[in-house]
>>> print(open('final.pdb').read())   # PDB, C-alpha atoms
MODEL        1
ATOM      1  CA  MET A   1     -35.108   2.077-278.024
ATOM      2  CA  ALA A   2     -34.092  -0.986-276.039
ATOM      3  CA  ALA A   3     -30.562  -2.197-275.439
ATOM      4  CA  GLN A   4     -29.007  -4.055-278.379
ATOM      5  CA  ILE A   5     -26.371  -6.757-278.217
ATOM      6  CA  GLY A   6     -23.299  -5.922-280.299
ATOM      7  CA  LYS A   7     -24.036  -2.185-280.244
ATOM      8  CA  PRO A   8     -22.410   0.484-278.067
ATOM      9  CA  PHE A   9     -23.949   0.867-274.630
ATOM     10  CA  PRO A  10     -25.876   4.169-274.548
ATOM     11  CA  ALA A  11     -23.930   7.242-273.485
ATOM     12  CA  PHE A  12     -24.756   8.351-269.956
ATOM     13  CA  ASN A  13     -23.666  10.894-267.373
ATOM     14  CA  LEU A  14     -25.394  10.502-264.010
ATOM     15  CA  LYS A  15     -25.005  11.655-260.437
ATOM     16  CA  ALA A  16     -23.916   8.816-258.167
ATOM     17  CA  VAL A  17     -22.809   7.906-254.708
ATOM     18  CA  LEU A  18     -19.199   6.945-255.364
ATOM     19  CA  ALA A  19     -17.198   4.178-253.708
ATOM     20  CA  ASP A  20     -15.774   6.619-251.153
ATOM     21  CA  GLY A  21     -19.293   7.657-250.082
ATOM     22  CA  THR A  22     -19.218  11.068-251.746
ATOM     23  CA  VAL A  23     -21.595  12.266-254.446
ATOM     24  CA  GLY A  24     -20.087  12.729-257.898
ATOM     25  CA  ASP A  25     -20.628  11.837-261.529
ATOM     26  CA  VAL A  26     -20.405   8.549-263.409
ATOM     27  CA  SER A  27     -20.364   8.032-267.153
ATOM     28  CA  ASN A  28     -19.308   5.515-269.762
ATOM     29  CA  ALA A  29     -15.733   6.567-269.015
ATOM     30  CA  THR A  30     -16.068   5.497-265.371
ATOM     31  CA  ALA A  31     -15.057   1.940-266.265
ATOM     32  CA  GLY A  32     -11.691   3.289-267.439
ATOM     33  CA  GLY A  33     -11.217   0.808-270.285
ATOM     34  CA  LYS A  34     -12.434  -2.163-268.227
ATOM     35  CA  TRP A  35     -15.525  -4.260-268.708
ATOM     36  CA  LEU A  36     -18.569  -2.705-267.025
ATOM     37  CA  LEU A  37     -21.394  -4.491-265.238
ATOM     38  CA  VAL A  38     -24.421  -2.214-264.804
ATOM     39  CA  VAL A  39     -26.987  -3.593-262.377
ATOM     40  CA  TYR A  40     -30.305  -1.700-262.232
ATOM     41  CA  TYR A  41     -32.578  -2.284-259.257
ATOM     42  CA  PRO A  42     -36.076  -0.869-258.622
ATOM     43  CA  PHE A  43     -35.901   0.928-255.246
ATOM     44  CA  ALA A  44     -33.562   1.557-252.342
ATOM     45  CA  PHE A  45     -34.742   0.382-248.920
ATOM     46  CA  THR A  46     -36.374  -2.786-250.244
ATOM     47  CA  GLY A  47     -35.407  -6.337-249.299
ATOM     48  CA  VAL A  48     -34.636  -7.869-252.683
ATOM     49  CA  CYS A  49     -32.647  -4.801-253.764
ATOM     50  CA  GLN A  50     -30.694  -4.837-250.508
ATOM     51  CA  SER A  51     -29.874  -8.514-250.961
ATOM     52  CA  GLU A  52     -28.562  -7.906-254.495
ATOM     53  CA  ILE A  53     -26.465  -4.852-253.617
ATOM     54  CA  GLY A  54     -25.092  -6.753-250.614
ATOM     55  CA  ALA A  55     -24.253  -9.795-252.758
ATOM     56  CA  LEU A  56     -22.388  -7.610-255.267
ATOM     57  CA  LYS A  57     -20.497  -6.033-252.368
ATOM     58  CA  ALA A  58     -19.597  -9.456-250.943
ATOM     59  CA  ARG A  59     -18.278 -10.678-254.306
ATOM     60  CA  PHE A  60     -16.805  -7.388-255.509
ATOM     61  CA  ALA A  61     -13.227  -8.722-255.455
ATOM     62  CA  GLU A  62     -14.212 -11.497-257.883
ATOM     63  CA  PHE A  63     -15.496  -8.925-260.381
ATOM     64  CA  ALA A  64     -12.379  -6.782-259.898
ATOM     65  CA  GLU A  65     -10.110  -9.830-260.497
ATOM     66  CA  ARG A  66     -11.781 -10.196-263.891
ATOM     67  CA  GLY A  67     -11.176  -6.538-264.779
ATOM     68  CA  VAL A  68     -14.850  -5.645-264.423
ATOM     69  CA  ALA A  69     -16.058  -2.343-262.985
ATOM     70  CA  VAL A  70     -19.406  -2.680-261.210
ATOM     71  CA  MET A  71     -22.061   0.018-261.092
ATOM     72  CA  GLY A  72     -25.451  -0.195-259.431
ATOM     73  CA  ALA A  73     -28.220   2.079-260.703
ATOM     74  CA  SER A  74     -31.811   2.988-259.958
ATOM     75  CA  CYS A  75     -34.267   5.790-260.546
ATOM     76  CA  ASP A  76     -33.830   6.920-256.928
ATOM     77  CA  SER A  77     -32.049  10.219-256.271
ATOM     78  CA  GLN A  78     -28.427  10.298-255.157
ATOM     79  CA  PHE A  79     -29.700  11.595-251.797
ATOM     80  CA  THR A  80     -31.906   8.535-251.264
ATOM     81  CA  GLN A  81     -29.075   6.242-252.317
ATOM     82  CA  LYS A  82     -26.599   7.947-249.976
ATOM     83  CA  GLU A  83     -28.984   7.571-247.036
ATOM     84  CA  TRP A  84     -29.536   3.903-247.942
ATOM     85  CA  ILE A  85     -25.803   3.216-248.172
ATOM     86  CA  VAL A  86     -25.227   4.823-244.771
ATOM     87  CA  LYS A  87     -28.106   2.961-243.119
ATOM     88  CA  GLU A  88     -27.678  -0.470-244.699
ATOM     89  CA  PHE A  89     -24.087  -0.777-245.921
ATOM     90  CA  GLY A  90     -21.949   1.079-243.373
ATOM     91  CA  GLY A  91     -21.577   4.300-245.358
ATOM     92  CA  SER A  92     -19.865   3.061-248.494
ATOM     93  CA  LEU A  93     -19.830   0.388-251.152
ATOM     94  CA  PRO A  94     -16.825  -0.663-253.244
ATOM     95  CA  TYR A  95     -18.649   0.513-256.380
ATOM     96  CA  PRO A  96     -20.891   3.485-257.273
ATOM     97  CA  LEU A  97     -24.686   3.625-257.208
ATOM     98  CA  ALA A  98     -25.893   5.827-260.067
ATOM     99  CA  ALA A  99     -29.004   7.969-259.765
ATOM    100  CA  ASP A 100     -31.031   7.835-262.975
ATOM    101  CA  PHE A 101     -33.525  10.218-261.371
ATOM    102  CA  LYS A 102     -34.787  11.547-264.715
ATOM    103  CA  LYS A 103     -35.260   7.919-265.817
ATOM    104  CA  GLU A 104     -33.644   8.637-269.186
ATOM    105  CA  LEU A 105     -31.123   5.793-269.272
ATOM    106  CA  ALA A 106     -33.662   3.276-267.923
ATOM    107  CA  ALA A 107     -36.070   4.338-270.672
ATOM    108  CA  GLU A 108     -33.370   4.127-273.347
ATOM    109  CA  LEU A 109     -32.426   0.644-272.159
ATOM    110  CA  GLY A 110     -36.072  -0.449-272.308
ATOM    111  CA  ILE A 111     -36.306  -1.323-268.592
ATOM    112  CA  LEU A 112     -38.470   1.517-267.256
ATOM    113  CA  HIS A 113     -41.667   0.441-265.479
ATOM    114  CA  GLU A 114     -43.721   3.449-266.507
ATOM    115  CA  GLY A 115     -46.548   2.821-264.056
ATOM    116  CA  LEU A 116     -44.275   2.800-261.003
ATOM    117  CA  GLY A 117     -41.541   5.113-262.292
ATOM    118  CA  CYS A 118     -38.799   2.637-261.450
ATOM    119  CA  ALA A 119     -36.510   0.328-263.370
ATOM    120  CA  TYR A 120     -36.990  -3.385-263.731
ATOM    121  CA  ARG A 121     -34.008  -5.465-262.580
ATOM    122  CA  GLY A 122     -31.744  -4.998-265.582
ATOM    123  CA  THR A 123     -28.253  -6.468-265.803
ATOM    124  CA  PHE A 124     -25.970  -5.210-268.585
ATOM    125  CA  LEU A 125     -22.490  -6.513-269.381
ATOM    126  CA  VAL A 126     -20.434  -4.079-271.456
ATOM    127  CA  ASP A 127     -17.025  -5.060-272.816
ATOM    128  CA  ASP A 128     -13.843  -3.003-272.573
ATOM    129  CA  LYS A 129     -14.654  -1.327-275.912
ATOM    130  CA  GLY A 130     -18.065  -0.118-274.705
ATOM    131  CA  VAL A 131     -20.096  -2.730-276.604
ATOM    132  CA  LEU A 132     -23.061  -4.436-274.953
ATOM    133  CA  ARG A 133     -22.324  -8.164-274.821
ATOM    134  CA  ALA A 134     -25.168  -9.485-272.629
ATOM    135  CA  TYR A 135     -28.213  -8.305-270.778
ATOM    136  CA  GLY A 136     -31.099  -9.733-268.811
ATOM    137  CA  VAL A 137     -34.203  -8.236-267.269
ATOM    138  CA  ASN A 138     -36.183  -9.577-264.325
ATOM    139  CA  ASP A 139     -39.547  -8.498-263.004
ATOM    140  CA  LEU A 140     -39.499  -6.439-259.810
ATOM    141  CA  ALA A 141     -39.769  -9.181-257.190
ATOM    142  CA  ILE A 142     -37.143 -11.642-258.473
ATOM    143  CA  GLY A 143     -33.473 -11.216-257.573
ATOM    144  CA  ARG A 144     -30.544 -12.170-259.758
ATOM    145  CA  SER A 145     -27.594 -14.506-259.332
ATOM    146  CA  THR A 146     -24.101 -13.078-258.858
ATOM    147  CA  GLU A 147     -22.834 -16.562-259.712
ATOM    148  CA  GLU A 148     -24.446 -16.307-263.157
ATOM    149  CA  MET A 149     -23.070 -12.799-263.645
ATOM    150  CA  LEU A 150     -19.558 -14.094-262.964
ATOM    151  CA  ARG A 151     -20.112 -17.145-265.205
ATOM    152  CA  LEU A 152     -21.159 -14.910-268.104
ATOM    153  CA  ILE A 153     -18.116 -12.690-267.637
ATOM    154  CA  ASP A 154     -15.831 -15.739-267.627
ATOM    155  CA  ALA A 155     -17.547 -17.103-270.730
ATOM    156  CA  PHE A 156     -17.204 -13.883-272.711
ATOM    157  CA  GLN A 157     -13.624 -13.375-271.587
ATOM    158  CA  SER A 158     -12.707 -16.969-272.524
ATOM    159  CA  GLY A 159     -12.860 -16.004-276.195
ATOM    160  CA  GLY A 160     -14.371 -19.294-277.322
ATOM    161  CA  ALA A 161     -17.646 -21.107-277.658
ATOM    162  CA  CYS A 162     -19.157 -22.043-274.306
ATOM    163  CA  MET A 163     -21.629 -24.883-274.129
ATOM    164  CA  VAL A 164     -24.662 -25.060-271.841
ATOM    165  CA  ASP A 165     -23.754 -24.786-268.134
ATOM    166  CA  TRP A 166     -20.140 -23.994-269.086
ATOM    167  CA  LYS A 167     -17.945 -22.989-266.160
ATOM    168  CA  LYS A 168     -14.380 -21.754-266.072
ATOM    169  CA  LYS A 169     -11.970 -24.458-264.973
ATOM    170  CA  GLY A 170      -9.743 -23.866-262.005
TER     171      GLY A 170
ENDMDL
END
>>> encode(input="final.pdb", output="structure tokens")
Amino acid sequence: MAAQIGKPFPAFNLKAVLADGTVGDVSNATAGGKWLLVVYYPFAFTGVCQSEIGALKARFAEFAERGVAVMGASCDSQFTQKEWIVKEFGGSLPYPLAADFKKELAAELGILHEGLGCAYRGTFLVDDKGVLRAYGVNDLAIGRSTEEMLRLIDAFQSGGACMVDWKKKG
């Protein structure tokens, strides 16, 4: 079953490298009543993935200002992710990287590349009630825009109709 707009985001409980650099668990409750942005990437130690995780890190405060918890995820193990975070990001990120090593959540979301055993680049915006409000999926080689992620959050949180290329004023 693929993700469905207007329906609850699938229940999950995954191992993750947490913001403090330790390994722990993340679940739907991790957002703590905030909006949740789940950003799946194919593989650690690859250039496009590194650029996306780095961009989310650089703009993390902007997501936090909007009351949005950020969570990266891939089908890598938590051990691979921890090594990647140490090597490429100084040992920690301001948000967790979840290890969907069994590929169950990626499959349920409809973003599993079965031939390679990795996830496509899936972006899922979940509101503070746990309902999926927006998602997008890119092929493996094409990175996403943090600017567009922030624009979508602003649009949904505005509470009104937002025309093409709408941007929050101020």
>>> atom_distance(input="final.pdb", atom1="CA of Gly32 in chain A", atom2="CA of Asp127 in chain A")
11.3 Å
>>> residues_around(input="final.pdb", residues="Trp84 in chain A", least_positions_apart="3", cutoff="12 Å", atoms="only C-alpha atoms", output="ChimeraX atom specification")
/A:17,21,43-47,49-50,53-54,76-81,87-93,97
>>> residues_around(input="final.pdb", residues="range 144-158 of chain A", least_positions_apart="6", cutoff="7 Å", atoms="all atoms listed in the file", output="PyMOL selection string")
chain A and resi 55-56+167-168
>>> atom_distance(input="final.pdb", atom1="CA of Gln4 in chain A", atom2="CA of Ala58 in chain A")
29.5 Å
>>> resolve_selection(input="final.pdb", expression="the PyMOL selection byres ((chain A and resi 75) around 7)", output="list in words")
Ser74, Asp76, Ser77, Ala99, Asp100, Phe101, Lys103, Cys118 and Ala119 of chain A
>>> build_atoms(input="final.pdb", residues="range 24-60 of chain A", atoms="N, CA and C atoms", output="mmCIF file, keeping the file's coordinate frame")
data_model
loop_
_atom_site.group_PDB
_atom_site.id
_atom_site.type_symbol
_atom_site.label_atom_id
_atom_site.label_comp_id
_atom_site.auth_asym_id
_atom_site.auth_seq_id
_atom_site.Cartn_x
_atom_site.Cartn_y
_atom_site.Cartn_z
ATOM 1 N N GLY A 24 -20.819 12.255 -256.732
ATOM 2 C CA GLY A 24 -20.087 12.729 -257.898
ATOM 3 C C GLY A 24 -20.803 12.298 -259.156
ATOM 4 N N ASP A 25 -20.064 12.204 -260.240
ATOM 5 C CA ASP A 25 -20.628 11.837 -261.529
ATOM 6 C C ASP A 25 -20.046 10.511 -262.005
ATOM 7 N N VAL A 26 -20.860 9.750 -262.717
ATOM 8 C CA VAL A 26 -20.405 8.549 -263.409
ATOM 9 C C VAL A 26 -20.843 8.652 -264.861
ATOM 10 N N SER A 27 -20.066 8.026 -265.722
ATOM 11 C CA SER A 27 -20.364 8.032 -267.153
ATOM 12 C C SER A 27 -19.786 6.764 -267.757
ATOM 13 N N ASN A 28 -19.897 6.662 -269.062
ATOM 14 C CA ASN A 28 -19.308 5.515 -269.762
ATOM 15 C C ASN A 28 -17.811 5.418 -269.468
ATOM 16 N N ALA A 29 -17.171 6.547 -269.262
ATOM 17 C CA ALA A 29 -15.733 6.567 -269.015
ATOM 18 C C ALA A 29 -15.363 6.062 -267.625
ATOM 19 N N THR A 30 -16.338 5.923 -266.744
ATOM 20 C CA THR A 30 -16.068 5.497 -265.371
ATOM 21 C C THR A 30 -15.370 4.144 -265.323
ATOM 22 N N ALA A 31 -15.672 3.273 -266.253
ATOM 23 C CA ALA A 31 -15.057 1.940 -266.265
ATOM 24 C C ALA A 31 -13.571 2.011 -266.599
ATOM 25 N N GLY A 32 -13.115 3.102 -267.178
ATOM 26 C CA GLY A 32 -11.691 3.289 -267.439
ATOM 27 C C GLY A 32 -11.072 2.218 -268.315
ATOM 28 N N GLY A 33 -11.761 1.808 -269.371
ATOM 29 C CA GLY A 33 -11.217 0.808 -270.285
ATOM 30 C C GLY A 33 -11.413 -0.621 -269.823
ATOM 31 N N LYS A 34 -12.127 -0.819 -268.717
ATOM 32 C CA LYS A 34 -12.434 -2.163 -268.227
ATOM 33 C C LYS A 34 -13.812 -2.572 -268.736
ATOM 34 N N TRP A 35 -14.154 -3.819 -268.515
ATOM 35 C CA TRP A 35 -15.525 -4.260 -268.708
ATOM 36 C C TRP A 35 -16.375 -3.553 -267.664
ATOM 37 N N LEU A 36 -17.656 -3.388 -267.947
ATOM 38 C CA LEU A 36 -18.569 -2.705 -267.025
ATOM 39 C C LEU A 36 -19.814 -3.560 -266.834
ATOM 40 N N LEU A 37 -20.160 -3.808 -265.579
ATOM 41 C CA LEU A 37 -21.394 -4.491 -265.238
ATOM 42 C C LEU A 37 -22.325 -3.460 -264.613
ATOM 43 N N VAL A 38 -23.424 -3.160 -265.302
ATOM 44 C CA VAL A 38 -24.421 -2.214 -264.804
ATOM 45 C C VAL A 38 -25.605 -3.019 -264.292
ATOM 46 N N VAL A 39 -25.932 -2.826 -263.022
ATOM 47 C CA VAL A 39 -26.987 -3.593 -262.377
ATOM 48 C C VAL A 39 -28.061 -2.616 -261.886
ATOM 49 N N TYR A 40 -29.169 -2.545 -262.623
ATOM 50 C CA TYR A 40 -30.305 -1.700 -262.232
ATOM 51 C C TYR A 40 -31.172 -2.449 -261.233
ATOM 52 N N TYR A 41 -31.642 -1.731 -260.231
ATOM 53 C CA TYR A 41 -32.578 -2.284 -259.257
ATOM 54 C C TYR A 41 -33.731 -1.291 -259.104
ATOM 55 N N PRO A 42 -34.907 -1.751 -258.656
ATOM 56 C CA PRO A 42 -36.076 -0.869 -258.622
ATOM 57 C C PRO A 42 -36.025 0.252 -257.582
ATOM 58 N N PHE A 43 -35.799 -0.073 -256.321
ATOM 59 C CA PHE A 43 -35.901 0.928 -255.246
ATOM 60 C C PHE A 43 -34.911 0.641 -254.121
ATOM 61 N N ALA A 44 -34.327 1.692 -253.579
ATOM 62 C CA ALA A 44 -33.562 1.557 -252.342
ATOM 63 C C ALA A 44 -34.527 1.204 -251.213
ATOM 64 N N PHE A 45 -33.981 0.705 -250.127
ATOM 65 C CA PHE A 45 -34.742 0.382 -248.920
ATOM 66 C C PHE A 45 -35.762 -0.736 -249.129
ATOM 67 N N THR A 46 -35.506 -1.627 -250.066
ATOM 68 C CA THR A 46 -36.374 -2.786 -250.244
ATOM 69 C C THR A 46 -35.526 -4.052 -250.115
ATOM 70 N N GLY A 47 -36.137 -5.120 -249.644
ATOM 71 C CA GLY A 47 -35.407 -6.337 -249.299
ATOM 72 C C GLY A 47 -34.653 -6.994 -250.431
ATOM 73 N N VAL A 48 -35.309 -7.195 -251.573
ATOM 74 C CA VAL A 48 -34.636 -7.869 -252.683
ATOM 75 C C VAL A 48 -33.472 -7.010 -253.191
ATOM 76 N N CYS A 49 -33.711 -5.703 -253.303
ATOM 77 C CA CYS A 49 -32.647 -4.801 -253.764
ATOM 78 C C CYS A 49 -31.465 -4.832 -252.793
ATOM 79 N N GLN A 50 -31.759 -4.799 -251.506
ATOM 80 C CA GLN A 50 -30.694 -4.837 -250.508
ATOM 81 C C GLN A 50 -29.899 -6.129 -250.615
ATOM 82 N N SER A 51 -30.585 -7.240 -250.847
ATOM 83 C CA SER A 51 -29.874 -8.514 -250.961
ATOM 84 C C SER A 51 -28.953 -8.516 -252.181
ATOM 85 N N GLU A 52 -29.399 -7.938 -253.283
ATOM 86 C CA GLU A 52 -28.562 -7.906 -254.495
ATOM 87 C C GLU A 52 -27.353 -6.992 -254.329
ATOM 88 N N ILE A 53 -27.578 -5.794 -253.803
ATOM 89 C CA ILE A 53 -26.465 -4.852 -253.617
ATOM 90 C C ILE A 53 -25.465 -5.441 -252.626
ATOM 91 N N GLY A 54 -25.969 -6.090 -251.580
ATOM 92 C CA GLY A 54 -25.092 -6.753 -250.614
ATOM 93 C C GLY A 54 -24.305 -7.898 -251.231
ATOM 94 N N ALA A 55 -24.946 -8.677 -252.097
ATOM 95 C CA ALA A 55 -24.253 -9.795 -252.758
ATOM 96 C C ALA A 55 -23.153 -9.281 -253.688
ATOM 97 N N LEU A 56 -23.424 -8.197 -254.403
ATOM 98 C CA LEU A 56 -22.388 -7.610 -255.267
ATOM 99 C C LEU A 56 -21.230 -7.094 -254.424
ATOM 100 N N LYS A 57 -21.543 -6.507 -253.278
ATOM 101 C CA LYS A 57 -20.497 -6.033 -252.368
ATOM 102 C C LYS A 57 -19.644 -7.206 -251.884
ATOM 103 N N ALA A 58 -20.301 -8.294 -251.474
ATOM 104 C CA ALA A 58 -19.597 -9.456 -250.943
ATOM 105 C C ALA A 58 -18.679 -10.104 -251.981
ATOM 106 N N ARG A 59 -19.055 -10.015 -253.250
ATOM 107 C CA ARG A 59 -18.278 -10.678 -254.306
ATOM 108 C C ARG A 59 -17.521 -9.679 -255.187
ATOM 109 N N PHE A 60 -17.434 -8.447 -254.721
ATOM 110 C CA PHE A 60 -16.805 -7.388 -255.509
ATOM 111 C C PHE A 60 -15.397 -7.767 -255.969
#
